[in-house]
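**Q** Just so it is clear, I am handing over work.tsv, which has TSV, N, CA and C atoms.
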```tsv
chain	number	residue	atom	x	y	z
A	989	MET	N	-1.39	-48.57	-19.13
A	989	MET	CA	-1.46	-47.14	-19.03
A	989	MET	C	-2.64	-46.76	-18.14
A	990	ALA	N	-2.36	-45.98	-17.16
A	990	ALA	CA	-3.44	-45.55	-16.26
A	990	ALA	C	-4.12	-44.33	-16.86
A	991	SER	N	-5.40	-44.40	-16.86
A	991	SER	CA	-6.12	-43.23	-17.38
A	991	SER	C	-6.12	-42.17	-16.30
A	992	GLY	N	-5.61	-41.00	-16.66
A	992	GLY	CA	-5.53	-39.91	-15.68
A	992	GLY	C	-6.81	-39.10	-15.66
A	993	SER	N	-7.12	-38.65	-14.53
A	993	SER	CA	-8.26	-37.75	-14.41
A	993	SER	C	-7.87	-36.62	-13.47
A	994	PHE	N	-8.49	-35.54	-13.67
A	994	PHE	CA	-8.21	-34.42	-12.78
A	994	PHE	C	-9.53	-33.83	-12.32
A	995	ARG	N	-9.42	-33.09	-11.28
A	995	ARG	CA	-10.61	-32.47	-10.70
A	995	ARG	C	-10.36	-30.97	-10.62
A	996	PHE	N	-11.25	-30.22	-11.24
A	996	PHE	CA	-11.13	-28.77	-11.20
A	996	PHE	C	-11.75	-28.26	-9.90
A	997	VAL	N	-10.95	-27.50	-9.16
A	997	VAL	CA	-11.45	-26.92	-7.90
A	997	VAL	C	-11.44	-25.40	-8.08
A	998	PRO	N	-12.60	-24.80	-8.22
A	998	PRO	CA	-12.63	-23.35	-8.42
A	998	PRO	C	-12.18	-22.60	-7.16
A	999	ASN	N	-11.57	-21.46	-7.39
A	999	ASN	CA	-11.13	-20.60	-6.29
A	999	ASN	C	-12.20	-19.53	-6.09
A	1000	PRO	N	-12.97	-19.60	-5.02
A	1000	PRO	CA	-14.03	-18.62	-4.83
A	1000	PRO	C	-13.50	-17.22	-4.53
A	1001	ARG	N	-12.23	-17.09	-4.19
A	1001	ARG	CA	-11.66	-15.77	-3.90
A	1001	ARG	C	-10.84	-15.21	-5.07
A	1002	LEU	N	-10.97	-15.81	-6.24
A	1002	LEU	CA	-10.15	-15.40	-7.38
A	1002	LEU	C	-10.31	-13.92	-7.71
A	1003	PHE	N	-11.54	-13.45	-7.86
A	1003	PHE	CA	-11.75	-12.06	-8.26
A	1003	PHE	C	-11.31	-11.10	-7.15
A	1004	ASP	N	-11.50	-11.50	-5.90
A	1004	ASP	CA	-11.04	-10.67	-4.79
A	1004	ASP	C	-9.52	-10.57	-4.79
A	1005	GLU	N	-8.85	-11.69	-5.04
A	1005	GLU	CA	-7.39	-11.68	-5.10
A	1005	GLU	C	-6.88	-10.83	-6.25
A	1006	LEU	N	-7.55	-10.91	-7.40
A	1006	LEU	CA	-7.17	-10.07	-8.54
A	1006	LEU	C	-7.37	-8.59	-8.22
A	1007	ALA	N	-8.52	-8.26	-7.63
A	1007	ALA	CA	-8.84	-6.85	-7.34
A	1007	ALA	C	-7.88	-6.25	-6.33
A	1008	ARG	N	-7.30	-7.07	-5.47
A	1008	ARG	CA	-6.40	-6.58	-4.43
A	1008	ARG	C	-4.92	-6.76	-4.79
A	1009	SER	N	-4.63	-7.26	-5.96
A	1009	SER	CA	-3.25	-7.56	-6.33
A	1009	SER	C	-2.46	-6.29	-6.65
A	1010	PRO	N	-1.13	-6.33	-6.47
A	1010	PRO	CA	-0.30	-5.18	-6.83
A	1010	PRO	C	-0.38	-4.87	-8.33
A	1011	GLY	N	-0.55	-5.91	-9.15
A	1011	GLY	CA	-0.68	-5.67	-10.59
A	1011	GLY	C	-1.90	-4.84	-10.93
A	1012	MET	N	-3.02	-5.09	-10.27
A	1012	MET	CA	-4.23	-4.30	-10.51
A	1012	MET	C	-4.01	-2.86	-10.09
A	1013	ARG	N	-3.32	-2.66	-8.96
A	1013	ARG	CA	-3.04	-1.30	-8.52
A	1013	ARG	C	-2.20	-0.56	-9.57
A	1014	ASN	N	-1.18	-1.24	-10.10
A	1014	ASN	CA	-0.31	-0.60	-11.10
A	1014	ASN	C	-1.07	-0.25	-12.37
A	1015	VAL	N	-1.94	-1.15	-12.83
A	1015	VAL	CA	-2.72	-0.88	-14.04
A	1015	VAL	C	-3.63	0.33	-13.84
A	1016	LEU	N	-4.35	0.35	-12.72
A	1016	LEU	CA	-5.27	1.46	-12.46
A	1016	LEU	C	-4.52	2.77	-12.24
A	1017	LYS	N	-3.40	2.72	-11.54
A	1017	LYS	CA	-2.63	3.95	-11.28
A	1017	LYS	C	-2.04	4.49	-12.57
A	1018	ASP	N	-1.62	3.62	-13.49
A	1018	ASP	CA	-1.10	4.09	-14.78
A	1018	ASP	C	-2.17	4.87	-15.55
A	1019	VAL	N	-3.39	4.36	-15.56
A	1019	VAL	CA	-4.48	5.06	-16.26
A	1019	VAL	C	-4.77	6.40	-15.58
A	1020	ALA	N	-4.78	6.42	-14.24
A	1020	ALA	CA	-5.01	7.67	-13.52
A	1020	ALA	C	-3.89	8.67	-13.78
A	1021	ASP	N	-2.65	8.20	-13.85
A	1021	ASP	CA	-1.53	9.09	-14.15
A	1021	ASP	C	-1.65	9.68	-15.55
A	1022	ARG	N	-2.08	8.85	-16.52
A	1022	ARG	CA	-2.29	9.37	-17.88
A	1022	ARG	C	-3.37	10.43	-17.90
A	1023	GLY	N	-4.46	10.19	-17.18
A	1023	GLY	CA	-5.54	11.18	-17.11
A	1023	GLY	C	-5.08	12.47	-16.47
A	1024	ALA	N	-4.30	12.37	-15.41
A	1024	ALA	CA	-3.79	13.58	-14.75
A	1024	ALA	C	-2.85	14.34	-15.69
A	1025	GLY	N	-2.05	13.62	-16.45
A	1025	GLY	CA	-1.15	14.28	-17.40
A	1025	GLY	C	-1.92	15.05	-18.47
A	1026	ILE	N	-2.99	14.44	-18.97
A	1026	ILE	CA	-3.82	15.13	-19.97
A	1026	ILE	C	-4.47	16.35	-19.35
A	1027	ALA	N	-5.00	16.20	-18.12
A	1027	ALA	CA	-5.65	17.34	-17.45
A	1027	ALA	C	-4.66	18.47	-17.22
A	1028	ARG	N	-3.42	18.15	-16.84
A	1028	ARG	CA	-2.42	19.20	-16.64
A	1028	ARG	C	-2.11	19.91	-17.95
A	1029	ALA	N	-2.05	19.15	-19.04
A	1029	ALA	CA	-1.70	19.74	-20.34
A	1029	ALA	C	-2.77	20.70	-20.83
A	1030	ILE	N	-4.04	20.41	-20.54
A	1030	ILE	CA	-5.11	21.28	-21.05
A	1030	ILE	C	-5.71	22.17	-19.97
A	1031	ALA	N	-5.08	22.20	-18.79
A	1031	ALA	CA	-5.59	23.05	-17.70
A	1031	ALA	C	-5.47	24.52	-18.08
A	1032	PRO	N	-6.40	25.34	-17.61
A	1032	PRO	CA	-6.31	26.78	-17.91
A	1032	PRO	C	-5.07	27.40	-17.29
A	1033	LYS	N	-4.47	28.30	-18.03
A	1033	LYS	CA	-3.28	29.00	-17.55
A	1033	LYS	C	-3.67	30.46	-17.32
A	1034	TYR	N	-4.05	30.78	-16.12
A	1034	TYR	CA	-4.53	32.13	-15.81
A	1034	TYR	C	-3.37	33.11	-15.78
A	1035	THR	N	-3.48	34.20	-16.52
A	1035	THR	CA	-2.42	35.20	-16.53
A	1035	THR	C	-2.94	36.59	-16.23
A	1036	GLY	N	-4.23	36.73	-16.00
A	1036	GLY	CA	-4.81	38.05	-15.78
A	1036	GLY	C	-4.65	38.54	-14.35
A	1037	PRO	N	-5.28	39.66	-14.04
A	1037	PRO	CA	-5.16	40.23	-12.70
A	1037	PRO	C	-5.95	39.42	-11.67
A	1038	THR	N	-5.55	39.53	-10.43
A	1038	THR	CA	-6.27	38.90	-9.32
A	1038	THR	C	-6.74	40.01	-8.39
A	1039	TYR	N	-7.54	39.63	-7.41
A	1039	TYR	CA	-8.01	40.64	-6.46
A	1039	TYR	C	-6.85	41.21	-5.64
A	1040	ASN	N	-5.76	40.46	-5.54
A	1040	ASN	CA	-4.58	40.90	-4.81
A	1040	ASN	C	-3.39	40.82	-5.76
A	1041	PRO	N	-2.82	41.96	-6.17
A	1041	PRO	CA	-1.73	41.94	-7.17
A	1041	PRO	C	-0.50	41.13	-6.75
A	1042	THR	N	-0.31	40.88	-5.46
A	1042	THR	CA	0.87	40.12	-5.02
A	1042	THR	C	0.69	38.62	-5.24
A	1043	ILE	N	-0.52	38.17	-5.58
A	1043	ILE	CA	-0.79	36.75	-5.78
A	1043	ILE	C	-0.64	36.41	-7.25
A	1044	GLN	N	0.17	35.42	-7.54
A	1044	GLN	CA	0.35	34.96	-8.91
A	1044	GLN	C	-0.39	33.63	-9.07
A	1045	ARG	N	-1.20	33.51	-10.11
A	1045	ARG	CA	-2.00	32.30	-10.30
A	1045	ARG	C	-1.51	31.43	-11.44
A	1046	HIS	N	-0.48	31.85	-12.17
A	1046	HIS	CA	-0.06	31.11	-13.36
A	1046	HIS	C	0.40	29.71	-12.99
A	1047	GLY	N	-0.24	28.70	-13.57
A	1047	GLY	CA	0.16	27.32	-13.34
A	1047	GLY	C	-0.34	26.70	-12.05
A	1048	GLU	N	-1.06	27.47	-11.25
A	1048	GLU	CA	-1.50	26.95	-9.95
A	1048	GLU	C	-2.56	25.86	-10.10
A	1049	TYR	N	-3.45	26.04	-11.07
A	1049	TYR	CA	-4.49	25.02	-11.28
A	1049	TYR	C	-3.88	23.71	-11.78
A	1050	ALA	N	-3.00	23.81	-12.76
A	1050	ALA	CA	-2.35	22.61	-13.29
A	1050	ALA	C	-1.57	21.90	-12.20
A	1051	ALA	N	-0.97	22.66	-11.30
A	1051	ALA	CA	-0.20	22.05	-10.21
A	1051	ALA	C	-1.10	21.33	-9.21
A	1052	SER	N	-2.39	21.69	-9.19
A	1052	SER	CA	-3.30	21.06	-8.22
A	1052	SER	C	-3.89	19.76	-8.74
A	1053	VAL	N	-3.60	19.39	-9.98
A	1053	VAL	CA	-4.10	18.13	-10.53
A	1053	VAL	C	-3.32	16.98	-9.90
A	1054	TYR	N	-4.03	15.96	-9.46
A	1054	TYR	CA	-3.39	14.83	-8.78
A	1054	TYR	C	-3.93	13.52	-9.32
A	1055	SER	N	-3.20	12.45	-9.05
A	1055	SER	CA	-3.69	11.09	-9.31
A	1055	SER	C	-3.31	10.26	-8.10
A	1056	ALA	N	-4.16	9.30	-7.77
A	1056	ALA	CA	-3.93	8.49	-6.58
A	1056	ALA	C	-4.58	7.13	-6.72
A	1057	ALA	N	-4.05	6.16	-6.00
A	1057	ALA	CA	-4.65	4.83	-5.92
A	1057	ALA	C	-4.81	4.50	-4.45
A	1058	SER	N	-5.96	3.97	-4.08
A	1058	SER	CA	-6.20	3.63	-2.68
A	1058	SER	C	-6.95	2.30	-2.60
A	1059	MET	N	-6.69	1.58	-1.52
A	1059	MET	CA	-7.36	0.30	-1.31
A	1059	MET	C	-8.73	0.53	-0.69
A	1060	ARG	N	-9.74	-0.06	-1.30
A	1060	ARG	CA	-11.11	0.00	-0.80
A	1060	ARG	C	-11.54	-1.41	-0.41
A	1061	PRO	N	-12.69	-1.54	0.24
A	1061	PRO	CA	-13.12	-2.89	0.65
A	1061	PRO	C	-13.22	-3.89	-0.50
A	1062	ASN	N	-13.55	-3.41	-1.70
A	1062	ASN	CA	-13.69	-4.33	-2.83
A	1062	ASN	C	-12.49	-4.32	-3.77
A	1063	GLY	N	-11.37	-3.73	-3.37
A	1063	GLY	CA	-10.17	-3.73	-4.20
A	1063	GLY	C	-9.61	-2.33	-4.39
A	1064	TRP	N	-8.67	-2.22	-5.33
A	1064	TRP	CA	-8.02	-0.94	-5.59
A	1064	TRP	C	-8.95	0.01	-6.32
A	1065	ARG	N	-8.81	1.30	-6.04
A	1065	ARG	CA	-9.54	2.35	-6.74
A	1065	ARG	C	-8.53	3.43	-7.10
A	1066	ALA	N	-8.53	3.86	-8.34
A	1066	ALA	CA	-7.63	4.93	-8.77
A	1066	ALA	C	-8.46	6.09	-9.29
A	1067	GLU	N	-7.95	7.30	-9.11
A	1067	GLU	CA	-8.68	8.49	-9.56
A	1067	GLU	C	-7.69	9.59	-9.89
A	1068	PHE	N	-8.17	10.56	-10.64
A	1068	PHE	CA	-7.42	11.79	-10.82
A	1068	PHE	C	-8.40	12.94	-10.77
A	1069	GLY	N	-7.93	14.09	-10.35
A	1069	GLY	CA	-8.79	15.26	-10.22
A	1069	GLY	C	-7.95	16.47	-9.89
A	1070	ALA	N	-8.63	17.55	-9.55
A	1070	ALA	CA	-7.94	18.79	-9.17
A	1070	ALA	C	-8.47	19.21	-7.81
A	1071	ASP	N	-7.57	19.60	-6.95
A	1071	ASP	CA	-8.00	20.05	-5.63
A	1071	ASP	C	-7.77	21.55	-5.46
A	1072	ALA	N	-7.94	22.28	-6.56
A	1072	ALA	CA	-7.80	23.73	-6.51
A	1072	ALA	C	-8.93	24.31	-5.66
A	1073	PRO	N	-8.64	25.33	-4.86
A	1073	PRO	CA	-9.71	25.94	-4.06
A	1073	PRO	C	-10.74	26.62	-4.95
A	1074	TRP	N	-11.94	26.76	-4.41
A	1074	TRP	CA	-13.02	27.34	-5.19
A	1074	TRP	C	-12.69	28.74	-5.67
A	1075	ALA	N	-12.03	29.54	-4.84
A	1075	ALA	CA	-11.67	30.91	-5.24
A	1075	ALA	C	-10.78	30.89	-6.48
A	1076	LEU	N	-9.89	29.92	-6.57
A	1076	LEU	CA	-9.00	29.82	-7.74
A	1076	LEU	C	-9.81	29.46	-8.98
A	1077	GLN	N	-10.78	28.58	-8.85
A	1077	GLN	CA	-11.61	28.19	-9.98
A	1077	GLN	C	-12.41	29.38	-10.48
A	1078	VAL	N	-12.91	30.21	-9.57
A	1078	VAL	CA	-13.70	31.38	-9.97
A	1078	VAL	C	-12.84	32.35	-10.75
A	1079	GLU	N	-11.58	32.52	-10.34
A	1079	GLU	CA	-10.72	33.46	-11.05
A	1079	GLU	C	-10.43	32.99	-12.48
A	1080	PHE	N	-10.43	31.69	-12.72
A	1080	PHE	CA	-10.25	31.22	-14.08
A	1080	PHE	C	-11.44	31.57	-14.93
A	1081	GLY	N	-12.63	31.47	-14.38
A	1081	GLY	CA	-13.84	31.73	-15.14
A	1081	GLY	C	-14.04	30.67	-16.20
A	1082	SER	N	-15.06	30.88	-17.00
A	1082	SER	CA	-15.38	29.87	-18.00
A	1082	SER	C	-15.53	30.46	-19.39
A	1083	GLY	N	-15.30	31.75	-19.55
A	1083	GLY	CA	-15.43	32.37	-20.86
A	1083	GLY	C	-16.86	32.66	-21.25
A	1084	ARG	N	-17.77	32.65	-20.30
A	1084	ARG	CA	-19.16	33.00	-20.59
A	1084	ARG	C	-19.66	33.92	-19.49
A	1085	PRO	N	-20.76	34.61	-19.72
A	1085	PRO	CA	-21.27	35.52	-18.69
A	1085	PRO	C	-21.66	34.76	-17.43
A	1086	ALA	N	-21.57	35.44	-16.30
A	1086	ALA	CA	-21.93	34.82	-15.03
A	1086	ALA	C	-23.43	34.54	-14.99
A	1087	THR	N	-23.78	33.38	-14.49
A	1087	THR	CA	-25.19	33.02	-14.34
A	1087	THR	C	-25.38	32.45	-12.94
A	1088	SER	N	-26.60	32.07	-12.65
A	1088	SER	CA	-26.87	31.50	-11.33
A	1088	SER	C	-26.17	30.16	-11.16
A	1089	GLN	N	-25.72	29.54	-12.27
A	1089	GLN	CA	-25.00	28.27	-12.16
A	1089	GLN	C	-23.63	28.43	-11.53
A	1090	ASP	N	-23.12	29.66	-11.46
A	1090	ASP	CA	-21.76	29.87	-10.99
A	1090	ASP	C	-21.62	29.78	-9.48
A	1091	ARG	N	-22.70	29.66	-8.78
A	1091	ARG	CA	-22.60	29.56	-7.32
A	1091	ARG	C	-22.08	28.18	-6.94
A	1092	PRO	N	-21.22	28.10	-5.92
A	1092	PRO	CA	-20.62	26.81	-5.60
A	1092	PRO	C	-21.63	25.77	-5.14
A	1093	GLN	N	-22.73	26.20	-4.52
A	1093	GLN	CA	-23.68	25.20	-4.03
A	1093	GLN	C	-24.42	24.50	-5.17
A	1094	SER	N	-24.34	25.03	-6.38
A	1094	SER	CA	-25.00	24.35	-7.50
A	1094	SER	C	-24.14	23.21	-8.05
A	1095	GLY	N	-22.89	23.14	-7.63
A	1095	GLY	CA	-22.03	22.06	-8.07
A	1095	GLY	C	-21.32	22.33	-9.38
A	1096	TRP	N	-21.55	23.48	-10.00
A	1096	TRP	CA	-20.89	23.79	-11.27
A	1096	TRP	C	-19.54	24.43	-10.98
A	1097	SER	N	-18.54	24.06	-11.75
A	1097	SER	CA	-17.22	24.63	-11.57
A	1097	SER	C	-16.47	24.57	-12.88
A	1098	PRO	N	-15.64	25.59	-13.18
A	1098	PRO	CA	-14.86	25.54	-14.42
A	1098	PRO	C	-13.90	24.36	-14.46
A	1099	LYS	N	-13.55	23.78	-13.31
A	1099	LYS	CA	-12.60	22.67	-13.34
A	1099	LYS	C	-13.18	21.47	-14.07
A	1100	ALA	N	-14.50	21.41	-14.19
A	1100	ALA	CA	-15.12	20.28	-14.88
A	1100	ALA	C	-14.74	20.27	-16.36
A	1101	ARG	N	-14.38	21.41	-16.91
A	1101	ARG	CA	-14.06	21.46	-18.33
A	1101	ARG	C	-12.76	20.74	-18.66
A	1102	PRO	N	-11.60	21.11	-18.07
A	1102	PRO	CA	-10.39	20.38	-18.43
A	1102	PRO	C	-10.42	18.93	-17.97
A	1103	LEU	N	-11.00	18.67	-16.79
A	1103	LEU	CA	-11.03	17.29	-16.34
A	1103	LEU	C	-11.95	16.47	-17.22
A	1104	GLY	N	-13.07	17.06	-17.66
A	1104	GLY	CA	-13.97	16.36	-18.57
A	1104	GLY	C	-13.30	16.06	-19.90
A	1105	ARG	N	-12.54	17.01	-20.42
A	1105	ARG	CA	-11.81	16.78	-21.67
A	1105	ARG	C	-10.77	15.69	-21.49
A	1106	ALA	N	-10.12	15.66	-20.32
A	1106	ALA	CA	-9.12	14.62	-20.07
A	1106	ALA	C	-9.78	13.25	-20.05
A	1107	LEU	N	-10.95	13.14	-19.45
A	1107	LEU	CA	-11.66	11.87	-19.44
A	1107	LEU	C	-12.05	11.46	-20.85
A	1108	ASP	N	-12.52	12.40	-21.65
A	1108	ASP	CA	-12.87	12.09	-23.04
A	1108	ASP	C	-11.65	11.60	-23.81
A	1109	ALA	N	-10.49	12.22	-23.56
A	1109	ALA	CA	-9.28	11.80	-24.25
A	1109	ALA	C	-8.89	10.38	-23.86
A	1110	LEU	N	-9.10	10.02	-22.59
A	1110	LEU	CA	-8.79	8.66	-22.16
A	1110	LEU	C	-9.74	7.65	-22.80
A	1111	ARG	N	-11.01	8.02	-22.97
A	1111	ARG	CA	-11.99	7.11	-23.54
A	1111	ARG	C	-11.67	6.77	-25.00
A	1112	SER	N	-11.09	7.71	-25.72
A	1112	SER	CA	-10.85	7.51	-27.15
A	1112	SER	C	-9.62	6.65	-27.43
A	1113	THR	N	-8.82	6.36	-26.40
A	1113	THR	CA	-7.62	5.56	-26.64
A	1113	THR	C	-7.88	4.09	-26.42
```
Could I get this file's structure written as structure tokens?

**A**
Amino acid sequence: MASGSFRFVPNPRLFDELARSPGMRNVLKDVADRGAGIARAIAPKYTGPTYNPTIQRHGEYAASVYSAASMRPNGWRAEFGADAPWALQVEFGSGRPATSQDRPQSGWSPKARPLGRALDALRST
């Protein structure tokens, strides 16, 4: 009986191959799609007046929620968010009095509320 031996040869590109695989893209995109679905479900539904009565805003914010997967130098990246224009976010408001935080250059926006809740919902699962 010949004693068998084997030699383990590590693959130095293993993690790169995993990060760039179609399976990794599908896993990340599924999570982003779930997050976008949660964000759409809890998005504000504006029904009040606008500065122009011919403009209807109902459902426009929820419709602007997206999810996407893109290839980056270190592998797939998936995200979800809302690309609603700033004017639309201002019309939703936040249910509190206006403060200096409401200016767009400060980085505060009401869209952070539903998207933040969607992220929290994903973390708990």

**Q** Would you mind telling me which residue in A:Glu1067, A:Glu1048, A:Asp1108, A:Asp1004 lies nearest to Arg1028 in chain A when using only C-alpha atoms?

**A**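 Ranking A:Glu1067, A:Glu1048, A:Asp1108, A:Asp1004 by distance to Arg1028 in chain A, first place goes to A:Glu1048.
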
**Q** Could you check how far CA of Ala1072 in chain A sits from atom N of Ser1052 in chain A, in Å to one decimal?

**A**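 So the two atoms, CA of Ala1072 in chain A and atom N of Ser1052 in chain A, lie 6.4 Å apart.
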
**Q** Could you give me, as a list in words, the residues within 7 Å of Ala1070 in chain A, counting all atoms listed in the file and dropping anything in the same chain fewer than 4 positions from it?

**A**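 Listing them by chain and then by number gives Tyr1049, Ser1052, Val1053 and Tyr1054 of chain A.
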
**Q** Using the selection just defined, write its residues with N, CA and C atoms as an mmCIF file, keeping the file's coordinate frame.

**A**
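Generated file (out.cif):
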```cif
data_model
loop_
_atom_site.group_PDB
_atom_site.id
_atom_site.type_symbol
_atom_site.label_atom_id
_atom_site.label_comp_id
_atom_site.auth_asym_id
_atom_site.auth_seq_id
_atom_site.Cartn_x
_atom_site.Cartn_y
_atom_site.Cartn_z
ATOM 1 N N TYR A 1049 -3.450 26.040 -11.070
ATOM 2 C CA TYR A 1049 -4.490 25.020 -11.280
ATOM 3 C C TYR A 1049 -3.880 23.710 -11.780
ATOM 4 N N SER A 1052 -2.390 21.690 -9.190
ATOM 5 C CA SER A 1052 -3.300 21.060 -8.220
ATOM 6 C C SER A 1052 -3.890 19.760 -8.740
ATOM 7 N N VAL A 1053 -3.600 19.390 -9.980
ATOM 8 C CA VAL A 1053 -4.100 18.130 -10.530
ATOM 9 C C VAL A 1053 -3.320 16.980 -9.900
ATOM 10 N N TYR A 1054 -4.030 15.960 -9.460
ATOM 11 C CA TYR A 1054 -3.390 14.830 -8.780
ATOM 12 C C TYR A 1054 -3.930 13.520 -9.320
#
```

**Q** Could you work out how far CA of Leu1107 in chain A lies from atom C of Arg1065 in chain A, giving the answer in Å with one decimal?

**A**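 About the pair atom C of Arg1065 in chain A and CA of Leu1107 in chain A: they are 15.3 Å apart.
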
**Q** State, in Å with one decimal place, the distance from CA of Phe1003 in chain A to atom N of Gly1025 in chain A.

**A**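 Computing it gives 28.6 Å between the two atoms.
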
**Q** Can you tell me which residues surround Ala1056 in chain A at a distance of at most 8 Å, considering only N, CA and C atoms, apart from same-chain residues fewer than 4 positions away, and format the answer as number ranges by chain?

**A** A: 1016-1017, 1020-1021, 1065-1069

**Q** Can you tell me which residues surround Gly1047 in chain A at a distance of at most 8 Å, considering only C-alpha atoms, apart from same-chain residues fewer than 3 positions away, and format the answer as an mmCIF file with N, CA and C atoms, keeping the file's coordinate frame?

**A**
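Writing the result to part05.cif gives the following:
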```cif
data_model
loop_
_atom_site.group_PDB
_atom_site.id
_atom_site.type_symbol
_atom_site.label_atom_id
_atom_site.label_comp_id
_atom_site.auth_asym_id
_atom_site.auth_seq_id
_atom_site.Cartn_x
_atom_site.Cartn_y
_atom_site.Cartn_z
ATOM 1 N N PRO A 1032 -6.400 25.340 -17.610
ATOM 2 C CA PRO A 1032 -6.310 26.780 -17.910
ATOM 3 C C PRO A 1032 -5.070 27.400 -17.290
ATOM 4 N N LYS A 1033 -4.470 28.300 -18.030
ATOM 5 C CA LYS A 1033 -3.280 29.000 -17.550
ATOM 6 C C LYS A 1033 -3.670 30.460 -17.320
ATOM 7 N N TYR A 1034 -4.050 30.780 -16.120
ATOM 8 C CA TYR A 1034 -4.530 32.130 -15.810
ATOM 9 C C TYR A 1034 -3.370 33.110 -15.780
ATOM 10 N N ALA A 1050 -3.000 23.810 -12.760
ATOM 11 C CA ALA A 1050 -2.350 22.610 -13.290
ATOM 12 C C ALA A 1050 -1.570 21.900 -12.200
ATOM 13 N N ALA A 1051 -0.970 22.660 -11.300
ATOM 14 C CA ALA A 1051 -0.200 22.050 -10.210
ATOM 15 C C ALA A 1051 -1.100 21.330 -9.210
#
```

**Q** From the options A:Ala1024, A:Gly1063, A:Ala1057, A:Phe994, which residue's atoms come nearest to Leu1006 in chain A, counting only C-alpha atoms?

**A** A:Gly1063

**Q** With all atoms listed in the file as the basis for distance, which of A:Asp1071, A:Leu1110, A:Asn999, A:Ser993 is at the shortest distance from Gly1023 in chain A?

**A**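 Of the candidates, the smallest distance to Gly1023 in chain A is held by A:Leu1110.
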